[in-house]
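Structure first, commentary second.
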Amino acid sequence: MRTSISLLLFGLILFIVSCKKKAEFTDPSSYQVVVINENWSQAVQQAKDKNQHIFLLLHADWCGICKGFIADVMPDQDVALSINNKIIVAMVDGDMPGGADLKTKYAVSAYPTMVIVDKDENTLLKRQGQIEKQEFVDWITPYLK
């Protein structure tokens, strides 16, 4: 009898916990990073309108590390929940015409290059190369408004 009650309580607790976890993440838009692709002027205008900084990812189609960051880090729900609505996110291909100007402006010598700039396009922080999810969140957090 005691074993049956224990199993019943354990099952009830598991059911409640699983329902709560599902409820926390039912809205996928809450954990998808809103990204401005290839339109730097739009990112700058939004930063000015919202009085926020910009996270600029300069990447290239041929860059494997860039592809990994875009595929694994940017769509991660922890990353999105940390940065959404707190910073403007822009991803620009540095080998494309608009990206070439940014590549020069922010002295990009390797991909990926991540730059945090203020609404007036002044560099606050810059990093090049591979970065893991938690390291990225720790790196960007002080610049979130």
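We name chains A, B, ... following the order of the structure tokens; residues begin at 1 in each chain, and ligands are numbered from 1 as shown.
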
Shell around A:Lys86 at 12 Å using only C-alpha atoms, local window under 6 positions removed, as a PDB file with N, CA and C atoms, in the first residue's frame:
ATOM      1  N   VAL A  33      15.816  34.661 -31.762  1.00  0.00           N
ATOM      2  CA  VAL A  33      16.475  35.961 -31.854  1.00  0.00           C
ATOM      3  C   VAL A  33      15.964  36.688 -33.095  1.00  0.00           C
ATOM      4  N   VAL A  34      15.541  37.922 -32.917  1.00  0.00           N
ATOM      5  CA  VAL A  34      15.100  38.745 -34.029  1.00  0.00           C
ATOM      6  C   VAL A  34      16.345  39.362 -34.657  1.00  0.00           C
ATOM      7  N   GLN A  46      16.980  51.392 -35.964  1.00  0.00           N
ATOM      8  CA  GLN A  46      16.275  50.765 -34.840  1.00  0.00           C
ATOM      9  C   GLN A  46      16.997  51.026 -33.528  1.00  0.00           C
ATOM     10  N   ALA A  47      18.327  50.993 -33.550  1.00  0.00           N
ATOM     11  CA  ALA A  47      19.100  51.266 -32.339  1.00  0.00           C
ATOM     12  C   ALA A  47      18.841  52.684 -31.846  1.00  0.00           C
ATOM     13  N   LYS A  50      15.189  52.881 -30.462  1.00  0.00           N
ATOM     14  CA  LYS A  50      14.995  52.153 -29.200  1.00  0.00           C
ATOM     15  C   LYS A  50      16.043  52.497 -28.145  1.00  0.00           C
ATOM     16  N   ASN A  51      17.005  53.365 -28.516  1.00  0.00           N
ATOM     17  CA  ASN A  51      18.106  53.712 -27.613  1.00  0.00           C
ATOM     18  C   ASN A  51      18.818  52.449 -27.103  1.00  0.00           C
ATOM     19  N   GLN A  52      19.210  51.609 -28.046  1.00  0.00           N
ATOM     20  CA  GLN A  52      19.880  50.354 -27.718  1.00  0.00           C
ATOM     21  C   GLN A  52      21.202  50.250 -28.458  1.00  0.00           C
ATOM     22  N   HIS A  53      22.026  49.320 -27.987  1.00  0.00           N
ATOM     23  CA  HIS A  53      23.265  48.994 -28.683  1.00  0.00           C
ATOM     24  C   HIS A  53      22.947  48.011 -29.813  1.00  0.00           C
ATOM     25  N   ILE A  54      23.946  47.788 -30.657  1.00  0.00           N
ATOM     26  CA  ILE A  54      23.812  46.833 -31.761  1.00  0.00           C
ATOM     27  C   ILE A  54      24.867  45.746 -31.598  1.00  0.00           C
ATOM     28  N   PHE A  55      24.439  44.504 -31.746  1.00  0.00           N
ATOM     29  CA  PHE A  55      25.370  43.389 -31.866  1.00  0.00           C
ATOM     30  C   PHE A  55      25.486  43.097 -33.353  1.00  0.00           C
ATOM     31  N   VAL A  79      20.094  31.870 -25.279  1.00  0.00           N
ATOM     32  CA  VAL A  79      20.665  33.066 -25.895  1.00  0.00           C
ATOM     33  C   VAL A  79      19.556  34.065 -26.211  1.00  0.00           C
ATOM     34  N   ALA A  80      18.506  33.572 -26.856  1.00  0.00           N
ATOM     35  CA  ALA A  80      17.406  34.458 -27.238  1.00  0.00           C
ATOM     36  C   ALA A  80      16.748  35.099 -26.027  1.00  0.00           C
ATOM     37  N   ILE A 140      28.240  39.261 -23.944  1.00  0.00           N
ATOM     38  CA  ILE A 140      27.327  40.298 -24.405  1.00  0.00           C
ATOM     39  C   ILE A 140      26.486  40.917 -23.275  1.00  0.00           C
ATOM     40  N   THR A 141      26.277  40.203 -22.193  1.00  0.00           N
ATOM     41  CA  THR A 141      25.361  40.634 -21.127  1.00  0.00           C
ATOM     42  C   THR A 141      25.620  42.048 -20.605  1.00  0.00           C
ATOM     43  N   PRO A 142      26.858  42.467 -20.364  1.00  0.00           N
ATOM     44  CA  PRO A 142      27.049  43.828 -19.832  1.00  0.00           C
ATOM     45  C   PRO A 142      26.567  44.940 -20.773  1.00  0.00           C
ATOM     46  N   TYR A 143      26.317  44.631 -22.025  1.00  0.00           N
ATOM     47  CA  TYR A 143      25.929  45.643 -23.009  1.00  0.00           C
ATOM     48  C   TYR A 143      24.447  45.603 -23.363  1.00  0.00           C
ATOM     49  N   LEU A 144      23.694  44.786 -22.651  1.00  0.00           N
ATOM     50  CA  LEU A 144      22.257  44.701 -22.892  1.00  0.00           C
ATOM     51  C   LEU A 144      21.554  45.793 -22.119  1.00  0.00           C
ATOM     52  N   LYS A 145      20.616  46.464 -22.765  1.00  0.00           N
ATOM     53  CA  LYS A 145      19.862  47.546 -22.093  1.00  0.00           C
ATOM     54  C   LYS A 145      18.461  47.108 -21.769  1.00  0.00           C
TER      55      LYS A 145
END

* Given the choices A:Leu58, A:Ala71, A:Val115, A:Ala100, which gets closest to A:Glu132 if the distance is worked out from only C-alpha atoms? ->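 Nearest candidate to A:Glu132 out of A:Leu58, A:Ala71, A:Val115, A:Ala100: A:Ala71.
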
* To do: Skip A:Cys66 itself and residues of its chain fewer than 6 positions away, then list as a PyMOL selection string all residues within 8 Å of it, counting only C-alpha atoms.
  => chain A and resi 59-60+111-112+130

* To do: Select, from A:Asn39, A:Ser82, A:Cys63, A:Gln45, the residue with the minimum atom-to-atom distance to A:Gln134, counting only C-alpha atoms.
  => A:Ser82

* DSSP helix (DSSP H, G or I) selection over stretch 103-137 of chain A, as a list in words ->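 The residues of stretch 103-137 of chain A classed as helix (DSSP H, G or I) are Lys103, Thr104, Lys105, Lys133, Gln134, Glu135, Phe136 and Val137 of chain A.
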
* Just the residues within 6 Å of A:Met114, please, counting only C-alpha atoms, with nothing from its chain fewer than 2 positions along; format it as JSON, numbers by chain. => {"A": [56, 57, 126, 127]}
